[in-house]
>>> print(open('protein18.txt').read())   # compact mmCIF, C-alpha atoms
# COMPACT_ATOMS: atom_id res chain seq x y z
CA MET Y 1 38.32 -12.33 -45.57
CA ILE Y 2 38.69 -8.63 -44.86
CA GLY Y 3 37.31 -7.37 -41.57
CA LEU Y 4 34.61 -4.77 -41.18
CA GLU Y 5 37.13 -2.36 -39.70
CA HIS Y 6 39.01 -2.02 -42.97
CA TYR Y 7 35.87 -0.97 -44.79
CA MET Y 8 34.87 1.39 -42.00
CA ILE Y 9 38.28 3.08 -42.07
CA LEU Y 10 37.97 3.46 -45.85
CA THR Y 11 34.47 4.91 -45.39
CA THR Y 12 35.81 7.40 -42.85
CA VAL Y 13 38.67 8.46 -45.08
CA LEU Y 14 36.41 8.94 -48.11
CA PHE Y 15 33.79 10.79 -46.07
CA MET Y 16 36.54 13.03 -44.74
CA ILE Y 17 37.73 13.80 -48.26
CA GLY Y 18 34.17 14.69 -49.29
CA LEU Y 19 33.57 16.86 -46.23
CA TYR Y 20 36.88 18.63 -46.77
CA GLY Y 21 35.84 19.30 -50.36
CA VAL Y 22 32.49 20.75 -49.27
CA VAL Y 23 34.19 23.05 -46.78
CA VAL Y 24 37.07 24.20 -48.98
CA ARG Y 25 35.82 24.39 -52.58
CA LYS Y 26 34.30 27.60 -53.86
CA ASN Y 27 32.91 26.42 -57.17
CA LEU Y 28 29.37 25.07 -56.90
CA LEU Y 29 30.07 22.26 -59.38
CA MET Y 30 32.94 21.09 -57.19
CA LEU Y 31 30.57 21.16 -54.22
CA PHE Y 32 28.32 18.73 -56.08
CA PHE Y 33 31.29 16.44 -56.76
CA ALA Y 34 32.22 16.48 -53.07
CA THR Y 35 28.62 15.58 -52.18
CA GLU Y 36 28.79 12.61 -54.54
CA ILE Y 37 31.98 11.45 -52.81
CA MET Y 38 30.25 11.57 -49.42
CA LEU Y 39 27.23 9.62 -50.70
CA ASN Y 40 29.50 6.96 -52.18
CA ALA Y 41 31.48 6.65 -48.96
CA VAL Y 42 28.28 5.97 -47.05
CA ASN Y 43 27.25 3.40 -49.65
CA ILE Y 44 30.49 1.48 -49.12
CA GLY Y 45 29.91 1.48 -45.36
CA LEU Y 46 26.33 0.27 -45.66
CA THR Y 47 27.29 -2.54 -48.03
CA ALA Y 48 30.16 -3.64 -45.80
CA ILE Y 49 27.84 -3.85 -42.79
CA SER Y 50 25.30 -5.71 -44.90
CA ASN Y 51 27.95 -8.25 -45.89
CA HIS Y 52 29.22 -8.55 -42.32
CA TYR Y 53 25.86 -9.44 -40.82
CA GLY Y 54 24.50 -11.37 -43.80
CA ASP Y 55 21.58 -8.96 -43.94
CA LEU Y 56 20.21 -7.32 -47.08
CA THR Y 57 18.91 -4.15 -45.40
CA GLY Y 58 22.18 -2.27 -45.88
CA GLN Y 59 22.13 -2.95 -49.60
CA MET Y 60 18.52 -1.75 -49.81
CA PHE Y 61 19.46 1.54 -48.19
CA ALA Y 62 22.38 1.86 -50.60
CA PHE Y 63 19.94 1.49 -53.52
CA PHE Y 64 17.72 4.25 -52.21
CA ILE Y 65 20.77 6.47 -51.62
CA ILE Y 66 21.79 5.96 -55.26
CA ALA Y 67 18.27 6.94 -56.40
CA ILE Y 68 18.36 10.05 -54.20
CA ALA Y 69 21.79 10.98 -55.58
CA ALA Y 70 20.50 10.69 -59.14
CA SER Y 71 17.51 12.97 -58.49
CA GLU Y 72 19.70 15.41 -56.57
CA VAL Y 73 21.98 15.71 -59.58
CA ALA Y 74 19.06 16.29 -61.97
CA ILE Y 75 17.51 19.06 -59.85
CA GLY Y 76 20.81 20.60 -58.76
CA LEU Y 77 22.25 20.86 -62.25
CA GLY Y 78 19.02 22.47 -63.49
CA LEU Y 79 19.28 25.11 -60.78
CA LEU Y 80 22.98 25.57 -61.50
CA ILE Y 81 22.30 26.15 -65.22
CA ILE Y 82 19.67 28.80 -64.39
CA TRP Y 83 22.11 30.49 -62.01
CA PHE Y 84 24.89 30.48 -64.58
CA LYS Y 85 22.60 31.93 -67.25
CA ARG Y 86 21.64 34.81 -64.97
CA HIS Y 87 24.96 35.65 -63.35
CA GLY Y 88 27.63 34.17 -65.60
CA THR Y 89 29.45 32.48 -62.73
CA ILE Y 90 28.92 29.57 -60.36
CA ASP Y 91 31.28 30.69 -57.64
CA LEU Y 92 29.88 30.40 -54.16
CA ASP Y 93 30.69 34.06 -53.44
CA SER Y 94 28.32 35.19 -56.18
CA LEU Y 95 25.41 33.67 -54.25
CA GLN Y 96 25.84 36.33 -51.60
CA SER Y 97 23.27 39.03 -52.33
CA MET Y 98 23.00 40.73 -48.95
CA LYS Y 99 25.92 42.75 -47.73
CA GLY Y 100 26.19 42.10 -44.05
CA MET M 1 44.89 -13.37 -50.06
CA ILE M 2 43.68 -12.25 -53.47
CA GLU M 3 40.78 -10.50 -51.74
CA LEU M 4 43.19 -8.57 -49.55
CA ILE M 5 45.28 -7.47 -52.53
CA ALA M 6 42.15 -6.45 -54.44
CA PHE M 7 40.78 -4.50 -51.48
CA TYR M 8 43.96 -2.54 -50.91
CA THR M 9 44.43 -1.85 -54.62
CA PHE M 10 40.88 -0.57 -54.94
CA ALA M 11 41.03 1.42 -51.71
CA ILE M 12 44.27 3.19 -52.54
CA LEU M 13 43.16 3.99 -56.10
CA ILE M 14 39.78 5.29 -54.87
CA ILE M 15 41.43 7.53 -52.30
CA ILE M 16 43.91 8.87 -54.87
CA SER M 17 41.22 9.64 -57.44
CA PHE M 18 38.93 11.32 -54.89
CA VAL M 19 41.80 13.43 -53.57
CA ILE M 20 42.35 14.56 -57.16
CA VAL M 21 38.61 15.44 -57.36
CA VAL M 22 38.83 17.62 -54.28
CA THR M 23 42.17 19.30 -55.00
CA SER M 24 42.23 19.71 -58.79
CA LYS M 25 41.84 23.21 -60.16
CA ASN M 26 40.39 22.15 -63.48
CA ALA M 27 36.76 21.04 -63.42
CA LEU M 28 37.27 18.61 -66.30
CA TYR M 29 40.12 16.75 -64.58
CA SER M 30 38.01 16.68 -61.45
CA MET M 31 35.08 15.08 -63.27
CA SER M 32 37.28 12.45 -64.93
CA ALA M 33 38.80 11.52 -61.58
CA LEU M 34 35.29 11.27 -60.11
CA ALA M 35 34.28 8.87 -62.89
CA SER M 36 37.30 6.65 -62.27
CA GLY M 37 36.60 6.65 -58.54
CA MET M 38 32.99 5.58 -59.13
CA ILE M 39 34.09 2.68 -61.35
CA LEU M 40 36.61 1.53 -58.73
CA ILE M 41 33.95 1.68 -56.00
CA SER M 42 31.85 -0.78 -57.99
CA GLY M 43 34.83 -3.14 -57.72
CA LEU M 44 34.56 -2.92 -53.94
CA PHE M 45 30.86 -3.78 -54.19
CA PHE M 46 31.66 -6.90 -56.20
CA LEU M 47 34.22 -7.79 -53.53
CA LEU M 48 31.48 -7.50 -50.89
CA ASN M 49 29.23 -10.01 -52.71
CA ALA M 50 26.81 -7.25 -53.68
CA ASP M 51 26.85 -7.96 -57.40
CA PHE M 52 23.61 -6.18 -58.21
CA LEU M 53 24.66 -3.06 -56.34
CA GLY M 54 27.96 -3.06 -58.20
CA ALA M 55 26.16 -3.22 -61.53
CA VAL M 56 23.77 -0.45 -60.44
CA GLN M 57 26.74 1.64 -59.36
CA LEU M 58 28.32 1.23 -62.78
CA ILE M 59 25.10 1.98 -64.67
CA VAL M 60 23.65 4.79 -62.56
CA TYR M 61 26.77 6.62 -61.39
CA THR M 62 29.19 6.30 -64.25
CA GLY M 63 26.50 5.90 -66.86
CA ALA M 64 23.92 8.47 -65.81
CA VAL M 65 25.28 10.85 -63.18
CA ILE M 66 28.71 11.45 -64.72
CA ALA M 67 27.18 11.72 -68.20
CA LEU M 68 24.74 14.30 -66.81
CA TYR M 69 27.63 16.26 -65.31
CA ALA M 70 29.52 16.04 -68.59
CA PHE M 71 26.56 17.42 -70.54
CA ALA M 72 25.86 20.11 -67.96
CA MET M 73 29.47 21.27 -68.20
CA ILE M 74 28.71 22.46 -71.73
CA PHE M 75 26.91 25.38 -70.09
CA PHE M 76 29.72 26.39 -67.77
CA ASP M 77 33.15 27.77 -68.60
CA THR M 78 35.17 24.79 -67.47
CA ALA M 79 38.48 25.75 -69.05
CA ARG M 80 38.94 28.53 -66.52
CA ASP M 81 40.90 27.71 -63.40
CA ILE M 82 38.84 27.73 -60.24
CA LYS M 83 39.66 30.17 -57.52
CA GLU M 84 40.15 28.50 -54.18
CA SER M 85 39.44 29.73 -50.73
CA LYS M 86 42.39 29.50 -48.39
CA SER M 87 42.56 26.02 -46.92
CA SER M 88 43.90 26.08 -43.43
CA LYS M 89 45.18 23.22 -41.35
CA LEU M 90 42.40 23.84 -38.85
CA ILE M 91 39.71 23.05 -41.43
CA PHE M 92 41.47 19.81 -42.33
CA ILE M 93 41.77 18.70 -38.72
CA LEU M 94 38.18 19.68 -37.92
CA THR M 95 36.73 17.82 -40.90
CA GLY M 96 38.77 14.75 -40.05
CA PHE M 97 37.68 14.83 -36.44
CA SER M 98 34.00 15.35 -37.25
CA SER M 99 33.86 12.58 -39.83
CA VAL M 100 35.57 10.12 -37.48
CA LEU M 101 33.00 11.11 -34.87
CA LEU M 102 30.12 10.63 -37.31
CA VAL M 103 31.29 7.17 -38.40
CA LEU M 104 31.80 6.15 -34.77
CA ILE M 105 28.28 7.31 -33.89
CA MET M 106 26.88 5.22 -36.73
CA THR M 107 28.98 2.07 -36.35
CA VAL M 108 29.61 1.55 -32.65
CA PRO M 109 25.98 0.59 -31.87
CA LEU M 110 26.11 -1.78 -34.82
CA ALA M 111 29.42 -3.34 -33.83
CA THR M 112 28.63 -3.85 -30.16
CA GLY M 113 24.91 -4.61 -30.14
CA ASN M 114 23.44 -7.94 -31.12
CA VAL M 115 22.16 -7.43 -34.61
CA GLU M 116 19.81 -10.05 -35.96
CA ALA M 117 19.46 -10.28 -39.70
CA LEU M 118 15.94 -9.16 -40.61
CA TYR M 119 16.26 -10.13 -44.25
CA PRO M 120 19.05 -12.69 -44.32
CA ILE M 121 21.09 -13.43 -47.41
CA HIS M 122 20.17 -16.90 -48.63
CA GLU M 123 22.85 -19.41 -49.47
CA GLY M 124 22.80 -20.75 -53.00
CA VAL M 125 20.63 -17.91 -54.29
CA GLY M 126 22.14 -15.26 -56.49
CA ASN M 127 22.46 -11.76 -55.14
CA SER M 128 20.19 -10.24 -57.79
CA GLN M 129 17.44 -12.74 -57.00
CA ASP M 130 17.81 -12.14 -53.28
CA VAL M 131 17.69 -8.37 -53.70
CA GLY M 132 14.66 -8.65 -55.97
CA MET M 133 12.77 -10.77 -53.45
CA VAL M 134 13.35 -8.32 -50.59
CA LEU M 135 12.86 -5.19 -52.72
CA PHE M 136 9.52 -6.29 -54.13
CA THR M 137 8.07 -7.60 -50.88
CA LYS M 138 9.38 -5.69 -47.86
CA TYR M 139 10.52 -2.49 -49.57
CA LEU M 140 7.78 -2.18 -52.17
CA ILE M 141 6.30 1.12 -50.96
CA PRO M 142 9.69 2.90 -50.63
CA PHE M 143 10.50 1.58 -54.09
CA GLU M 144 7.32 3.10 -55.56
CA VAL M 145 7.89 6.38 -53.71
CA THR M 146 11.43 6.45 -55.13
CA ALA M 147 9.99 5.98 -58.61
CA VAL M 148 7.68 8.98 -58.08
CA MET M 149 10.61 11.00 -56.71
CA LEU M 150 12.70 10.23 -59.78
CA LEU M 151 9.81 11.27 -62.03
CA VAL M 152 9.48 14.56 -60.15
CA ALA M 153 13.23 15.13 -60.39
CA MET M 154 13.17 14.42 -64.11
CA ILE M 155 10.33 16.87 -64.77
CA GLY M 156 12.00 19.48 -62.56
CA GLY M 157 15.31 19.07 -64.34
CA ILE M 158 13.71 19.39 -67.77
CA ILE M 159 11.74 22.50 -66.80
CA MET M 160 14.68 24.24 -65.11
CA ALA M 161 17.36 23.42 -67.67
CA GLY M 162 15.08 23.88 -70.68
CA LYS M 163 13.71 27.23 -69.58
CA LYS M 164 14.41 29.88 -72.24
CA MET M 165 16.79 27.51 -73.98
CA ASP M 166 16.17 29.32 -77.28
CA GLU M 167 17.22 32.71 -75.88
CA GLY M 168 20.78 33.79 -75.40
CA ILE M 169 22.45 34.44 -72.09
CA THR M 170 22.60 38.21 -72.70
CA GLU M 171 18.87 38.52 -73.18
CA LEU M 172 18.26 36.86 -69.86
CA LYS M 173 20.55 39.36 -68.20
CA GLU M 174 18.57 42.23 -69.71
CA GLU M 175 15.39 40.80 -68.32
CA LEU M 176 16.89 40.70 -64.86
CA LYS M 177 17.84 44.36 -64.94
CA GLN M 178 14.30 45.56 -65.61
>>> encode(input="protein18.txt", output="structure tokens")
Amino acid sequence: MIGLEHYMILTTVLFMIGLYGVVVRKNLLMLFFATEIMLNAVNIGLTAISNHYGDLTGQMFAFFIIAIAASEVAIGLGLLIIWFKRHGTIDLDSLQSMKG
Amino acid sequence: MIELIAFYTFAILIIISFVIVVTSKNALYSMSALASGMILISGLFFLLNADFLGAVQLIVYTGAVIALYAFAMIFFDTARDIKESKSSKLIFILTGFSSVLLVLIMTVPLATGNVEALYPIHEGVGNSQDVGMVLFTKYLIPFEVTAVMLLVAMIGGIIMAGKKMDEGITELKEELKQ
């Protein structure tokens, strides 16, 4: 039996990787990938806690997080396609329209 | 023992594939690594006795989300290498520190307080049956709201991606200049 700590450390490491990706990457598609990593890390944590306490609530929240991730991808990719059609690039720097 | 070996194998492989996602310069390699990471995460869910969640992870993430990314990448120039902003050591340390802090904030109250199981997992009942019983009694309204949210997202995605699909990219640019 693996303790809760192992899963929590894994969650932290994966969340850290996702956060690092969000901060560092410049391509908007890569930003979406990093967001998916963060959502998955949280899912692992919630399921581990659910298993530890013998409670189903954590798994329920993980389901709703998966549904939210799916709708986020649908909307986000639609916006990204519009942006690419207009500007020909999905770099984060191209979003900057005001020179300040 | 076999659980321990499985956990460490999955954990190390997940971390490796997600590091590739974050550091790779090619968007296609990045997406493939993301898909492999998602599949390996479902293995962790099976290890945690959450069979239904593992199956949902396989179907929704690797089946729907990654396929959606793959089809959306038709629109972008993915062969081009991606320019990176300079990654400093400070950013790495700060992200590490803040995520450790976040996980501590979330887990310490759980680990120290007395948590009583509101919807306990029943012995001798399969995980899918258990999840179904809780989802369709206690979480029925959130479930319905989620269904409406997915419908809205689907309509929004179709409208945004399908807008002026028959016109070329250059024509759209002309329209913007006017």
>>> interface_residues(input="protein18.txt", of="chain M", to="chain Y", cutoff="6 Å", atoms="only C-alpha atoms", output="list in words")
Val22, Glu84, Thr95, Gly96, Ser99, Ala117, Tyr119, Pro120, Ile121, Leu150, Ala153, Gly157, Met160, Ala161, Ile169 and Lys173 of chain M
>>> atom_distance(input="protein18.txt", atom1="atom CA of Phe46 of chain M", atom2="atom CA of Ile2 of chain M")
13.4 Å
>>> atom_distance(input="protein18.txt", atom1="atom CA of Met133 of chain M", atom2="atom CA of Phe52 of chain M")
12.7 Å
>>> residues_around(input="protein18.txt", residues="Ala6 of chain M", least_positions_apart="5", cutoff="9 Å", atoms="only C-alpha atoms", output="PyMOL selection string")
chain M and resi 1+11+43-44+47
>>> build_atoms(input="protein18.txt", residues="segment 40-65 of chain M", atoms="N, CA and C atoms", output="PDB file, in the frame of the given file")
ATOM      1  N   LEU M  40      35.847   2.336 -59.684  1.00  0.00           N
ATOM      2  CA  LEU M  40      36.610   1.530 -58.730  1.00  0.00           C
ATOM      3  C   LEU M  40      35.763   1.145 -57.531  1.00  0.00           C
ATOM      4  N   ILE M  41      34.835   2.013 -57.124  1.00  0.00           N
ATOM      5  CA  ILE M  41      33.950   1.680 -56.000  1.00  0.00           C
ATOM      6  C   ILE M  41      33.074   0.487 -56.349  1.00  0.00           C
ATOM      7  N   SER M  42      32.644   0.387 -57.605  1.00  0.00           N
ATOM      8  CA  SER M  42      31.850  -0.780 -57.990  1.00  0.00           C
ATOM      9  C   SER M  42      32.658  -2.062 -57.811  1.00  0.00           C
ATOM     10  N   GLY M  43      33.990  -1.986 -58.003  1.00  0.00           N
ATOM     11  CA  GLY M  43      34.830  -3.140 -57.720  1.00  0.00           C
ATOM     12  C   GLY M  43      34.754  -3.567 -56.271  1.00  0.00           C
ATOM     13  N   LEU M  44      34.712  -2.591 -55.361  1.00  0.00           N
ATOM     14  CA  LEU M  44      34.560  -2.920 -53.940  1.00  0.00           C
ATOM     15  C   LEU M  44      33.229  -3.602 -53.678  1.00  0.00           C
ATOM     16  N   PHE M  45      32.171  -3.160 -54.380  1.00  0.00           N
ATOM     17  CA  PHE M  45      30.860  -3.780 -54.190  1.00  0.00           C
ATOM     18  C   PHE M  45      30.884  -5.241 -54.638  1.00  0.00           C
ATOM     19  N   PHE M  46      31.562  -5.506 -55.751  1.00  0.00           N
ATOM     20  CA  PHE M  46      31.660  -6.900 -56.200  1.00  0.00           C
ATOM     21  C   PHE M  46      32.436  -7.723 -55.185  1.00  0.00           C
ATOM     22  N   LEU M  47      33.431  -7.109 -54.549  1.00  0.00           N
ATOM     23  CA  LEU M  47      34.220  -7.790 -53.530  1.00  0.00           C
ATOM     24  C   LEU M  47      33.366  -8.131 -52.310  1.00  0.00           C
ATOM     25  N   LEU M  48      32.343  -7.308 -52.051  1.00  0.00           N
ATOM     26  CA  LEU M  48      31.480  -7.500 -50.890  1.00  0.00           C
ATOM     27  C   LEU M  48      30.278  -8.375 -51.196  1.00  0.00           C
ATOM     28  N   ASN M  49      30.319  -9.116 -52.294  1.00  0.00           N
ATOM     29  CA  ASN M  49      29.230 -10.010 -52.710  1.00  0.00           C
ATOM     30  C   ASN M  49      27.927  -9.279 -52.969  1.00  0.00           C
ATOM     31  N   ALA M  50      28.016  -7.999 -53.314  1.00  0.00           N
ATOM     32  CA  ALA M  50      26.810  -7.250 -53.680  1.00  0.00           C
ATOM     33  C   ALA M  50      26.870  -6.991 -55.180  1.00  0.00           C
ATOM     34  N   ASP M  51      26.652  -8.056 -55.951  1.00  0.00           N
ATOM     35  CA  ASP M  51      26.850  -7.960 -57.400  1.00  0.00           C
ATOM     36  C   ASP M  51      25.890  -6.968 -58.044  1.00  0.00           C
ATOM     37  N   PHE M  52      24.618  -7.046 -57.595  1.00  0.00           N
ATOM     38  CA  PHE M  52      23.610  -6.180 -58.210  1.00  0.00           C
ATOM     39  C   PHE M  52      23.908  -4.719 -57.940  1.00  0.00           C
ATOM     40  N   LEU M  53      24.328  -4.441 -56.690  1.00  0.00           N
ATOM     41  CA  LEU M  53      24.660  -3.060 -56.340  1.00  0.00           C
ATOM     42  C   LEU M  53      25.855  -2.558 -57.144  1.00  0.00           C
ATOM     43  N   GLY M  54      26.819  -3.443 -57.378  1.00  0.00           N
ATOM     44  CA  GLY M  54      27.960  -3.060 -58.200  1.00  0.00           C
ATOM     45  C   GLY M  54      27.546  -2.695 -59.604  1.00  0.00           C
ATOM     46  N   ALA M  55      26.635  -3.512 -60.176  1.00  0.00           N
ATOM     47  CA  ALA M  55      26.160  -3.220 -61.530  1.00  0.00           C
ATOM     48  C   ALA M  55      25.381  -1.911 -61.555  1.00  0.00           C
ATOM     49  N   VAL M  56      24.544  -1.703 -60.510  1.00  0.00           N
ATOM     50  CA  VAL M  56      23.770  -0.450 -60.440  1.00  0.00           C
ATOM     51  C   VAL M  56      24.709   0.738 -60.302  1.00  0.00           C
ATOM     52  N   GLN M  57      25.765   0.571 -59.514  1.00  0.00           N
ATOM     53  CA  GLN M  57      26.740   1.640 -59.360  1.00  0.00           C
ATOM     54  C   GLN M  57      27.359   2.008 -60.699  1.00  0.00           C
ATOM     55  N   LEU M  58      27.722   0.970 -61.462  1.00  0.00           N
ATOM     56  CA  LEU M  58      28.320   1.230 -62.780  1.00  0.00           C
ATOM     57  C   LEU M  58      27.326   1.941 -63.694  1.00  0.00           C
ATOM     58  N   ILE M  59      26.069   1.449 -63.706  1.00  0.00           N
ATOM     59  CA  ILE M  59      25.100   1.980 -64.670  1.00  0.00           C
ATOM     60  C   ILE M  59      24.652   3.371 -64.252  1.00  0.00           C
ATOM     61  N   VAL M  60      24.249   3.522 -62.976  1.00  0.00           N
ATOM     62  CA  VAL M  60      23.650   4.790 -62.560  1.00  0.00           C
ATOM     63  C   VAL M  60      24.710   5.869 -62.381  1.00  0.00           C
ATOM     64  N   TYR M  61      25.799   5.557 -61.661  1.00  0.00           N
ATOM     65  CA  TYR M  61      26.770   6.620 -61.390  1.00  0.00           C
ATOM     66  C   TYR M  61      27.596   6.960 -62.610  1.00  0.00           C
ATOM     67  N   THR M  62      28.308   5.963 -63.126  1.00  0.00           N
ATOM     68  CA  THR M  62      29.190   6.300 -64.250  1.00  0.00           C
ATOM     69  C   THR M  62      28.403   6.467 -65.531  1.00  0.00           C
ATOM     70  N   GLY M  63      27.264   5.802 -65.628  1.00  0.00           N
ATOM     71  CA  GLY M  63      26.500   5.900 -66.860  1.00  0.00           C
ATOM     72  C   GLY M  63      25.611   7.115 -66.907  1.00  0.00           C
ATOM     73  N   ALA M  64      24.919   7.396 -65.795  1.00  0.00           N
ATOM     74  CA  ALA M  64      23.920   8.470 -65.810  1.00  0.00           C
ATOM     75  C   ALA M  64      24.438   9.748 -65.167  1.00  0.00           C
ATOM     76  N   VAL M  65      24.946   9.636 -63.937  1.00  0.00           N
ATOM     77  CA  VAL M  65      25.280  10.850 -63.180  1.00  0.00           C
ATOM     78  C   VAL M  65      26.469  11.565 -63.818  1.00  0.00           C
TER      79      VAL M  65
END
